[in-house]
$ cat query05.csv   # CSV, C-alpha atoms
chain,number,residue,atom,x,y,z
A,1,MET,CA,-3.0,30.4,9.0
A,2,ASN,CA,-5.3,29.8,6.1
A,3,ASP,CA,-2.7,31.1,3.7
A,4,ILE,CA,-0.1,28.7,5.1
A,5,LEU,CA,-2.4,25.7,4.7
A,6,THR,CA,-3.5,26.5,1.1
A,7,ARG,CA,-3.7,23.4,-1.0
A,8,ARG,CA,-2.4,23.2,-4.6
A,9,VAL,CA,-4.1,20.0,-5.6
A,10,PRO,CA,-7.3,18.5,-4.1
A,11,ALA,CA,-6.0,15.9,-1.6
A,12,ARG,CA,-8.8,13.5,-2.4
A,13,TRP,CA,-8.0,13.3,-6.1
A,14,LEU,CA,-4.2,13.1,-5.3
A,15,MET,CA,-4.7,10.1,-3.0
A,16,VAL,CA,-7.0,8.4,-5.5
A,17,PHE,CA,-4.4,8.9,-8.3
A,18,SER,CA,-1.5,7.8,-6.0
A,19,THR,CA,-3.5,4.7,-5.0
A,20,ILE,CA,-4.0,3.8,-8.7
A,21,LEU,CA,-0.3,4.2,-9.4
A,22,LEU,CA,0.6,2.2,-6.3
A,23,TYR,CA,-1.7,-0.6,-7.5
A,24,ILE,CA,-0.1,-0.6,-11.0
A,25,ALA,CA,3.3,-0.7,-9.3
A,26,VAL,CA,2.3,-3.6,-7.1
A,27,VAL,CA,1.2,-5.7,-10.1
A,28,SER,CA,4.4,-4.8,-12.0
A,29,SER,CA,6.5,-5.6,-9.0
A,30,ILE,CA,5.0,-9.1,-8.6
A,31,THR,CA,5.7,-9.9,-12.3
A,32,LEU,CA,9.4,-8.7,-12.2
A,33,GLY,CA,12.3,-10.9,-11.2
A,34,PRO,CA,15.3,-12.9,-12.4
A,35,MET,CA,13.1,-15.9,-13.2
A,36,ASN,CA,10.9,-15.2,-16.3
A,37,ILE,CA,7.3,-15.8,-15.2
A,38,GLY,CA,4.5,-14.6,-17.4
A,39,PHE,CA,2.3,-11.7,-16.4
A,40,PHE,CA,-0.9,-13.8,-16.2
A,41,ASP,CA,0.9,-16.7,-14.6
A,42,SER,CA,2.1,-14.3,-11.9
A,43,LEU,CA,-1.4,-13.1,-11.2
A,44,LYS,CA,-2.8,-16.7,-11.2
A,45,ALA,CA,-0.1,-17.7,-8.7
A,46,LEU,CA,-1.7,-15.3,-6.2
A,47,LEU,CA,-4.8,-17.5,-6.1
A,48,PRO,CA,-4.3,-20.3,-3.5
A,49,LEU,CA,-6.6,-22.7,-5.4
A,50,ASP,CA,-4.9,-22.5,-8.8
A,51,SER,CA,-3.3,-25.9,-9.4
A,52,GLU,CA,-2.5,-25.5,-13.1
A,53,LEU,CA,0.8,-23.8,-12.4
A,54,PRO,CA,4.1,-25.5,-11.4
A,55,LYS,CA,4.6,-25.4,-7.6
A,56,TYR,CA,7.8,-23.4,-7.9
A,57,VAL,CA,5.9,-20.6,-9.6
A,58,SER,CA,3.5,-20.2,-6.7
A,59,VAL,CA,6.4,-20.4,-4.2
A,60,ILE,CA,8.3,-17.6,-6.0
A,61,ILE,CA,5.3,-15.3,-6.2
A,62,GLN,CA,3.8,-16.0,-2.8
A,63,GLN,CA,6.9,-16.3,-0.7
A,64,VAL,CA,9.4,-14.0,-2.5
A,65,ARG,CA,7.9,-11.4,-4.7
A,66,LEU,CA,4.7,-10.6,-2.9
A,67,PRO,CA,6.3,-10.3,0.6
A,68,ARG,CA,9.0,-8.1,-0.9
A,69,THR,CA,6.4,-5.9,-2.6
A,70,LEU,CA,4.3,-5.4,0.5
A,71,LEU,CA,7.4,-4.7,2.6
A,72,ALA,CA,8.5,-2.0,0.2
A,73,ILE,CA,5.2,-0.2,0.6
A,74,ALA,CA,5.2,-0.4,4.4
A,75,VAL,CA,8.8,0.7,4.8
A,76,GLY,CA,8.5,3.5,2.2
A,77,GLY,CA,5.3,4.7,3.9
A,78,ILE,CA,6.8,4.7,7.4
A,79,LEU,CA,10.0,6.6,6.3
A,80,ALA,CA,8.0,9.2,4.3
A,81,MET,CA,5.6,9.8,7.3
A,82,CYS,CA,8.6,10.1,9.7
A,83,GLY,CA,10.3,12.6,7.4
A,84,THR,CA,7.1,14.6,7.1
A,85,VAL,CA,6.6,14.8,10.8
A,86,MET,CA,10.3,15.6,11.5
A,87,GLN,CA,10.3,18.4,8.9
A,88,GLY,CA,7.1,19.8,10.6
A,89,LEU,CA,8.6,19.4,14.0
A,90,PHE,CA,11.8,21.2,13.2
A,91,ARG,CA,10.0,23.6,10.9
A,92,ASN,CA,12.7,23.0,8.3
A,93,PRO,CA,12.6,21.2,4.9
A,94,LEU,CA,16.2,19.9,5.4
A,95,ALA,CA,15.2,17.7,8.4
A,96,ASP,CA,15.3,14.0,7.6
A,97,PRO,CA,16.0,10.9,9.7
A,98,GLY,CA,19.0,10.0,7.6
A,99,ILE,CA,20.6,13.4,7.2
A,100,ILE,CA,20.4,14.5,10.8
A,101,GLY,CA,21.8,11.2,12.2
A,102,VAL,CA,18.6,9.4,13.4
A,103,SER,CA,19.1,6.5,10.9
A,104,ALA,CA,22.8,6.3,11.9
A,105,GLY,CA,21.8,5.9,15.5
A,106,ALA,CA,19.2,3.3,14.7
A,107,SER,CA,21.7,1.4,12.5
A,108,LEU,CA,24.3,1.3,15.2
A,109,GLY,CA,21.7,-0.1,17.6
A,110,ALA,CA,20.6,-2.7,15.2
A,111,ALA,CA,24.1,-3.6,14.3
A,112,ILE,CA,24.9,-4.2,18.0
A,113,ALA,CA,22.0,-6.6,18.1
A,114,ILE,CA,23.1,-8.4,15.0
A,115,VAL,CA,26.6,-8.9,16.3
A,116,LEU,CA,25.7,-9.8,19.8
A,117,PHE,CA,23.0,-12.3,19.0
A,118,GLY,CA,24.4,-13.6,15.7
A,119,GLY,CA,22.5,-14.6,12.6
A,120,VAL,CA,19.6,-12.4,13.5
A,121,LEU,CA,18.7,-11.7,9.9
A,122,GLY,CA,18.2,-15.4,9.2
A,123,ASN,CA,16.4,-16.2,12.4
A,124,THR,CA,12.8,-14.9,12.4
A,125,LEU,CA,12.5,-15.8,16.1
A,126,PHE,CA,14.7,-12.9,17.0
A,127,LEU,CA,12.7,-10.6,14.8
A,128,VAL,CA,9.4,-11.7,16.3
A,129,LEU,CA,10.8,-11.2,19.8
A,130,GLY,CA,11.8,-7.7,18.8
A,131,THR,CA,15.6,-7.9,19.5
A,132,VAL,CA,16.7,-5.9,16.5
A,133,PRO,CA,13.8,-3.5,16.4
A,134,VAL,CA,14.2,-2.7,20.1
A,135,PHE,CA,17.9,-2.0,19.7
A,136,ALA,CA,17.3,0.0,16.6
A,137,PHE,CA,14.6,2.0,18.4
A,138,LEU,CA,16.9,2.8,21.3
A,139,GLY,CA,19.7,3.9,19.0
A,140,GLY,CA,17.3,6.1,17.0
A,141,ALA,CA,15.7,7.6,20.1
A,142,LEU,CA,19.0,8.5,21.6
A,143,ALA,CA,20.2,10.1,18.4
A,144,THR,CA,16.9,12.0,17.9
A,145,PHE,CA,17.0,13.5,21.4
A,146,ALA,CA,20.6,14.4,21.1
A,147,ILE,CA,20.0,16.2,17.8
A,148,TYR,CA,17.0,18.0,19.2
A,149,TYR,CA,18.7,19.3,22.3
A,150,MET,CA,21.8,20.3,20.5
A,151,GLY,CA,19.9,22.1,17.8
A,152,THR,CA,17.3,23.8,19.9
A,153,SER,CA,17.8,26.9,22.1
A,154,SER,CA,15.7,29.8,23.4
A,155,ASN,CA,16.1,31.3,20.0
A,156,GLY,CA,14.5,28.4,18.2
A,157,THR,CA,15.9,25.5,16.1
A,158,SER,CA,19.3,26.0,14.4
A,159,VAL,CA,19.5,24.0,11.2
A,160,THR,CA,23.2,24.5,11.0
A,161,ILE,CA,23.8,23.0,14.4
A,162,MET,CA,21.3,20.3,13.6
A,163,LEU,CA,23.1,19.3,10.4
A,164,LEU,CA,26.6,19.5,12.0
A,165,ALA,CA,25.4,17.4,15.0
A,166,GLY,CA,24.0,14.9,12.5
A,167,VAL,CA,27.4,14.7,10.8
A,168,ALA,CA,29.1,14.2,14.2
A,169,LEU,CA,26.6,11.5,15.2
A,170,GLY,CA,27.0,9.8,11.8
A,171,ALA,CA,30.7,9.7,12.3
A,172,ILE,CA,30.4,8.2,15.8
A,173,ALA,CA,27.9,5.6,14.5
A,174,GLY,CA,30.3,4.9,11.6
A,175,ALA,CA,33.2,4.3,14.1
A,176,GLY,CA,31.0,2.0,16.1
A,177,MET,CA,30.0,0.1,13.0
A,178,GLY,CA,33.6,-0.3,12.0
A,179,LEU,CA,34.4,-1.7,15.4
A,180,LEU,CA,31.6,-4.1,15.2
A,181,ASN,CA,32.7,-5.2,11.7
A,182,PHE,CA,36.2,-5.9,13.2
A,183,PHE,CA,34.9,-8.2,15.9
A,184,ALA,CA,32.0,-9.8,14.0
A,185,ASP,CA,32.2,-13.4,12.8
A,186,ASP,CA,31.8,-14.4,9.2
A,187,GLN,CA,28.0,-14.8,9.3
A,188,ALA,CA,27.4,-11.5,11.2
A,189,LEU,CA,29.9,-9.7,8.9
A,190,ARG,CA,28.0,-10.9,5.8
A,191,ASP,CA,24.7,-9.8,7.4
A,192,LEU,CA,26.1,-6.4,8.3
A,193,SER,CA,27.6,-5.7,4.9
A,194,LEU,CA,24.3,-6.5,3.1
A,195,TRP,CA,22.2,-4.8,5.6
A,196,THR,CA,24.1,-1.5,5.7
A,197,MET,CA,23.4,-1.1,1.9
A,198,GLY,CA,19.6,-1.5,2.4
A,199,SER,CA,17.7,-4.3,0.9
A,200,LEU,CA,14.2,-5.8,0.8
A,201,ALA,CA,15.4,-9.2,-0.2
A,202,GLY,CA,14.9,-10.6,3.2
A,203,ALA,CA,11.2,-9.9,3.3
A,204,SER,CA,9.1,-12.5,5.1
A,205,TRP,CA,5.5,-12.7,6.4
A,206,ASP,CA,6.8,-12.2,9.9
A,207,SER,CA,8.5,-8.9,8.9
A,208,ILE,CA,5.4,-7.8,7.0
A,209,PHE,CA,3.2,-8.3,10.1
A,210,LEU,CA,5.6,-6.1,12.1
A,211,ALA,CA,5.9,-3.5,9.3
A,212,TYR,CA,2.1,-3.1,8.8
A,213,ALA,CA,1.3,-3.1,12.5
A,214,SER,CA,3.8,-0.2,12.8
A,215,LEU,CA,2.6,1.5,9.7
A,216,PHE,CA,-1.1,1.6,10.8
A,217,ALA,CA,-0.2,2.6,14.4
A,218,LEU,CA,2.1,5.4,13.3
A,219,ALA,CA,-0.4,6.7,10.6
A,220,PHE,CA,-3.1,6.9,13.3
A,221,LEU,CA,-0.9,8.6,15.9
A,222,PHE,CA,0.7,11.0,13.4
A,223,GLN,CA,-2.7,11.9,12.0
A,224,LYS,CA,-4.0,12.5,15.5
A,225,ASN,CA,-1.3,15.1,15.9
A,226,ALA,CA,-1.7,16.7,12.5
A,227,LYS,CA,-3.5,19.8,13.8
A,228,PRO,CA,-1.0,20.6,16.5
A,229,LEU,CA,1.8,20.2,13.9
A,230,ASN,CA,0.0,22.7,11.7
A,231,ALA,CA,-0.1,25.1,14.6
A,232,LEU,CA,3.6,24.5,15.2
A,233,LEU,CA,4.3,25.9,11.7
A,234,LEU,CA,3.4,29.3,13.0
A,235,GLY,CA,6.0,29.1,15.7
A,236,GLU,CA,6.3,27.6,19.2
A,237,ALA,CA,5.0,30.8,21.0
A,238,GLU,CA,1.9,30.9,18.7
A,239,ALA,CA,1.3,27.2,19.2
A,240,ARG,CA,1.4,27.7,23.0
A,241,HIS,CA,-1.1,30.5,22.7
A,242,LEU,CA,-3.4,28.1,20.9
A,243,GLY,CA,-3.3,25.8,24.0
A,244,ILE,CA,-0.9,23.2,22.7
A,245,ASP,CA,1.6,21.6,25.0
A,246,VAL,CA,4.6,22.1,22.8
A,247,GLN,CA,7.1,20.1,24.8
A,248,LYS,CA,4.8,17.1,25.2
A,249,LEU,CA,4.0,17.3,21.4
A,250,LYS,CA,7.8,17.3,20.6
A,251,ARG,CA,8.6,14.5,23.0
A,252,ASN,CA,5.8,12.2,21.7
A,253,LEU,CA,6.6,12.9,18.0
A,254,ILE,CA,10.3,12.3,18.6
A,255,LEU,CA,9.6,9.0,20.2
A,256,LEU,CA,7.2,7.9,17.5
A,257,THR,CA,9.6,9.0,14.7
A,258,ALA,CA,12.5,7.1,16.4
A,259,ALA,CA,10.3,4.0,16.7
A,260,GLY,CA,9.3,4.2,13.0
A,261,VAL,CA,12.9,4.7,11.8
A,262,GLY,CA,14.2,2.0,14.1
A,263,ILE,CA,11.7,-0.6,12.8
A,264,THR,CA,12.4,0.2,9.2
A,265,VAL,CA,16.2,0.0,9.8
A,266,ALA,CA,15.7,-3.4,11.5
A,267,LEU,CA,13.6,-4.8,8.7
A,268,SER,CA,15.3,-3.4,5.6
A,269,GLY,CA,18.6,-1.9,6.6
A,270,MET,CA,19.7,1.7,5.8
A,271,ILE,CA,17.5,3.2,3.1
A,272,GLY,CA,18.0,6.9,2.9
A,273,PHE,CA,16.4,10.0,1.4
A,274,ILE,CA,12.8,8.7,1.2
A,275,GLY,CA,12.0,10.8,4.3
A,276,LEU,CA,13.5,13.8,2.6
A,277,VAL,CA,12.3,13.6,-1.0
A,278,VAL,CA,8.8,12.4,-0.5
A,279,PRO,CA,7.5,15.1,1.9
A,280,HIS,CA,8.7,17.7,-0.6
A,281,ILE,CA,6.9,16.1,-3.4
A,282,GLY,CA,3.7,15.9,-1.3
A,283,ARG,CA,4.1,19.5,-0.2
A,284,MET,CA,4.5,20.7,-3.7
A,285,LEU,CA,1.4,18.8,-4.8
A,286,THR,CA,-1.0,19.4,-1.9
A,287,GLY,CA,0.5,22.0,0.4
A,288,PRO,CA,1.8,21.9,3.9
A,289,ASP,CA,-1.4,21.0,5.8
A,290,HIS,CA,-0.4,17.9,7.7
A,291,ARG,CA,-3.9,16.6,7.8
A,292,THR,CA,-3.5,15.8,4.1
A,293,LEU,CA,0.3,15.7,3.8
A,294,ILE,CA,0.7,12.8,6.1
A,295,PRO,CA,-1.6,10.3,4.2
A,296,VAL,CA,-0.3,11.6,0.9
A,297,SER,CA,3.3,11.0,2.0
A,298,LEU,CA,2.4,7.5,3.1
A,299,LEU,CA,1.1,6.6,-0.3
A,300,LEU,CA,3.9,8.4,-2.2
A,301,GLY,CA,6.6,6.9,0.1
A,302,GLY,CA,5.4,3.4,-0.6
A,303,LEU,CA,5.2,4.1,-4.4
A,304,VAL,CA,8.7,5.7,-4.5
A,305,LEU,CA,10.4,2.9,-2.6
A,306,LEU,CA,8.5,0.2,-4.6
A,307,VAL,CA,9.6,1.7,-7.9
A,308,SER,CA,13.1,2.1,-6.6
A,309,ASP,CA,13.1,-1.6,-5.7
A,310,MET,CA,11.9,-2.6,-9.1
A,311,VAL,CA,14.7,-0.5,-10.7
A,312,ALA,CA,17.2,-2.3,-8.3
A,313,ARG,CA,16.0,-5.6,-9.6
A,314,ILE,CA,16.0,-5.0,-13.3
A,315,VAL,CA,18.8,-2.5,-14.0
A,316,VAL,CA,21.6,-5.2,-13.9
A,317,ALA,CA,19.4,-8.3,-14.0
A,318,PRO,CA,19.8,-11.1,-13.1
A,319,LEU,CA,22.0,-9.4,-10.5
A,320,GLU,CA,20.4,-7.1,-8.0
A,321,ILE,CA,21.5,-3.7,-6.7
A,322,PRO,CA,20.7,-3.0,-3.0
A,323,VAL,CA,17.7,-0.6,-3.0
A,324,GLY,CA,19.5,1.8,-0.6
A,325,ILE,CA,22.0,2.6,-3.4
A,326,ILE,CA,19.1,3.5,-5.8
A,327,THR,CA,17.4,5.8,-3.2
A,328,ALA,CA,20.7,7.4,-2.4
A,329,ALA,CA,21.4,8.0,-6.1
A,330,ILE,CA,18.0,9.7,-6.4
A,331,GLY,CA,18.0,11.5,-3.1
A,332,ALA,CA,21.5,12.9,-2.9
A,333,PRO,CA,21.3,15.2,-5.9
A,334,PHE,CA,17.8,16.3,-4.6
A,335,PHE,CA,19.3,17.2,-1.2
A,336,LEU,CA,22.2,19.1,-2.8
A,337,ALA,CA,19.7,21.1,-4.9
A,338,LEU,CA,17.6,21.8,-1.8
A,339,LEU,CA,20.7,22.8,0.2
A,340,LEU,CA,21.7,25.3,-2.4
A,341,LYS,CA,18.2,26.7,-2.4
A,342,GLN,CA,18.3,27.1,1.3
A,343,ARG,CA,21.9,28.3,1.8
A,344,GLY,CA,20.9,31.9,2.3
A,345,ARG,CA,18.7,30.8,5.2
A,346,LEU,CA,21.3,28.6,6.9
A,347,ALA,CA,23.7,31.5,7.6

$ encode --input "query05.csv" --output "structure tokens"
Amino acid sequence: MNDILTRRVPARWLMVFSTILLYIAVVSSITLGPMNIGFFDSLKALLPLDSELPKYVSVIIQQVRLPRTLLAIAVGGILAMCGTVMQGLFRNPLADPGIIGVSAGASLGAAIAIVLFGGVLGNTLFLVLGTVPVFAFLGGALATFAIYYMGTSSNGTSVTIMLLAGVALGAIAGAGMGLLNFFADDQALRDLSLWTMGSLAGASWDSIFLAYASLFALAFLFQKNAKPLNALLLGEAEARHLGIDVQKLKRNLILLTAAGVGITVALSGMIGFIGLVVPHIGRMLTGPDHRTLIPVSLLLGGLVLLVSDMVARIVVAPLEIPVGIITAAIGAPFFLALLLKQRGRLA
């Protein structure tokens, strides 16, 4: 087991370096936008007592750019941790909430809430009450359990069945989304179309509170299960011999992953491939030990999504590309390369 958990880079230094990069990205993100606000003016606007700046500058920085930046970090961190845990749970590098249909199930659940309750994205009351997150969680949980039971047998987990089941669930969710689009009114249709592409533009302090409460809770619970996940890398039989309740571990982690994905889908729409790409980067840098891989993935996930959001804001400025398109453009080629590398093992 020691060989399996060999580290490539000291995790402490990697987390320090990732934190520094994340800080630089945060400062850069706050200063970027369609309205030209100077670097030092942007930083001054973060100070509540600074009265030298025009009021609109403070409003833009404190109510638009800062919430968006913070939400990107939280959503990226949650998605990366969920991808890390799911890959460890299935013991396969191809496992990802988006690829195997979990995000599709969560998206269908959230879309049902948006159409049924109308104008949810513009009404923070529904967000605080948890309407969209609850529906997204239920959809993600159902999809996760379906994938797990279809892909798992007495012989272990079949990646081929898991991927095919994910395609099928994605098609079912797509049909449901199409039906909802057909019956939705103009406002709900506009919300759905923007939301399905993934965006952080709707960030608010209410959404940030929910995102960071979820981030800290998931980080604590995932880290608590890091050692059992390490044991699971050896195989289910070996983990049982080490005294781990494998079925309880799987059930708890599946529910936590579904909750995390559901919340991110509710807050930012469909943002794919963060949960696939980031765990691989972390694993290459620090090894597969979940005790260090989970916190490293959290930091790297926030960094990757924040940088992707900055690219989305500046590449065709003053227009803005939905960040889900940027992450898909980065992640899809990565997934294809990984799939080609793993094709001999999928047979």

$ closest_residue --input "query05.csv" --among "A:Ala141, A:Leu189, A:Ile24, A:Leu256" --to "Leu215 of chain A" --atoms "all atoms listed in the file"
A:Leu256

$ residues_around --input "query05.csv" --residues "segment 31-41 of chain A" --least-positions-apart "2" --cutoff "8 Å" --atoms "only C-alpha atoms" --output "list of chain:residue names"
A:Val27, A:Ser28, A:Ser29, A:Leu43, A:Lys44, A:Ala45, A:Leu53, A:Val57, A:Arg65, A:Met310, A:Arg313, A:Ile314, A:Ala317, A:Pro318, A:Leu319

$ closest_residue --input "query05.csv" --among "A:Ala312, A:Ala74, A:Leu336, A:Ile325" --to "Ser214 of chain A" --atoms "only C-alpha atoms"
A:Ala74

$ atom_distance --input "query05.csv" --atom1 "atom CA of Leu285 of chain A" --atom2 "atom CA of Val9 of chain A"
5.7 Å

$ closest_residue --input "query05.csv" --among "A:Pro228, A:Leu276, A:Ala337, A:Leu298" --to "His241 of chain A" --atoms "all atoms listed in the file"
A:Pro228

$ atom_distance --input "query05.csv" --atom1 "atom CA of Thr131 of chain A" --atom2 "atom CA of Gly109 of chain A"
10.1 Å

$ residues_around --input "query05.csv" --residues "Leu108 of chain A" --least-positions-apart "6" --cutoff "9 Å" --atoms "all atoms listed in the file" --output "list in words"
Phe135, Ala136, Gly139, Gly140, Ala173, Gly174, Gly176 and Met177 of chain A

$ residues_near_point --input "query05.csv" --point "(8.3, -0.2, 16.5)" --cutoff "7 Å" --atoms "only C-alpha atoms" --output "list of chain:residue names"
A:Pro133, A:Phe137, A:Ser214, A:Ala259, A:Gly260, A:Gly262, A:Ile263

$ closest_residue --input "query05.csv" --among "A:Ala188, A:Ile294, A:Ala266, A:Ala332" --to "Asn225 of chain A" --atoms "only C-alpha atoms"
A:Ile294

$ atom_distance --input "query05.csv" --atom1 "atom CA of Tyr149 of chain A" --atom2 "atom CA of Ser103 of chain A"
17.1 Å

$ residues_around --input "query05.csv" --residues "Ala219 of chain A" --least-positions-apart "5" --cutoff "12 Å" --atoms "only C-alpha atoms" --output "PyMOL selection string"
chain A and resi 74+77-82+84-85+212-214+224-226+253+256-257+260+290-299

$ closest_residue --input "query05.csv" --among "A:Leu89, A:Ala72, A:Leu255, A:Ile208" --to "Ala231 of chain A" --atoms "all atoms listed in the file"
A:Leu89

$ closest_residue --input "query05.csv" --among "A:Ser18, A:Gly88, A:Leu218, A:Val307" --to "Ala258 of chain A" --atoms "all atoms listed in the file"
A:Leu218

$ residues_around --input "query05.csv" --residues "Leu180 of chain A" --least-positions-apart "6" --cutoff "9 Å" --atoms "only C-alpha atoms" --output "compact mmCIF listing (two decimals) with C-alpha atoms, in the frame of the given file"
# COMPACT_ATOMS: atom_id res chain seq x y z
CA ALA A 111 24.10 -3.60 14.30
CA ILE A 112 24.90 -4.20 18.00
CA VAL A 115 26.60 -8.90 16.30
CA LEU A 189 29.90 -9.70 8.90

$ residues_around --input "query05.csv" --residues "Ser268 of chain A" --least-positions-apart "5" --cutoff "10 Å" --atoms "all atoms listed in the file" --output "tab-separated table (two decimals) with C-alpha atoms, in the frame of the given file"
chain	number	residue	atom	x	y	z
A	71	LEU	CA	7.40	-4.70	2.60
A	72	ALA	CA	8.50	-2.00	0.20
A	75	VAL	CA	8.80	0.70	4.80
A	121	LEU	CA	18.70	-11.70	9.90
A	194	LEU	CA	24.30	-6.50	3.10
A	195	TRP	CA	22.20	-4.80	5.60
A	196	THR	CA	24.10	-1.50	5.70
A	197	MET	CA	23.40	-1.10	1.90
A	198	GLY	CA	19.60	-1.50	2.40
A	199	SER	CA	17.70	-4.30	0.90
A	200	LEU	CA	14.20	-5.80	0.80
A	201	ALA	CA	15.40	-9.20	-0.20
A	202	GLY	CA	14.90	-10.60	3.20
A	203	ALA	CA	11.20	-9.90	3.30
A	207	SER	CA	8.50	-8.90	8.90
A	263	ILE	CA	11.70	-0.60	12.80
A	323	VAL	CA	17.70	-0.60	-3.00
A	324	GLY	CA	19.50	1.80	-0.60

$ residues_near_point --input "query05.csv" --point "(11.9, 22.0, 15.6)" --cutoff "10 Å" --atoms "all atoms listed in the file" --output "list in words"
Met86, Gln87, Gly88, Leu89, Phe90, Arg91, Asn92, Ala95, Tyr148, Tyr149, Gly151, Thr152, Gly156, Thr157, Ser158, Val159, Met162, Leu232, Leu233, Gly235, Glu236 and Lys250 of chain A
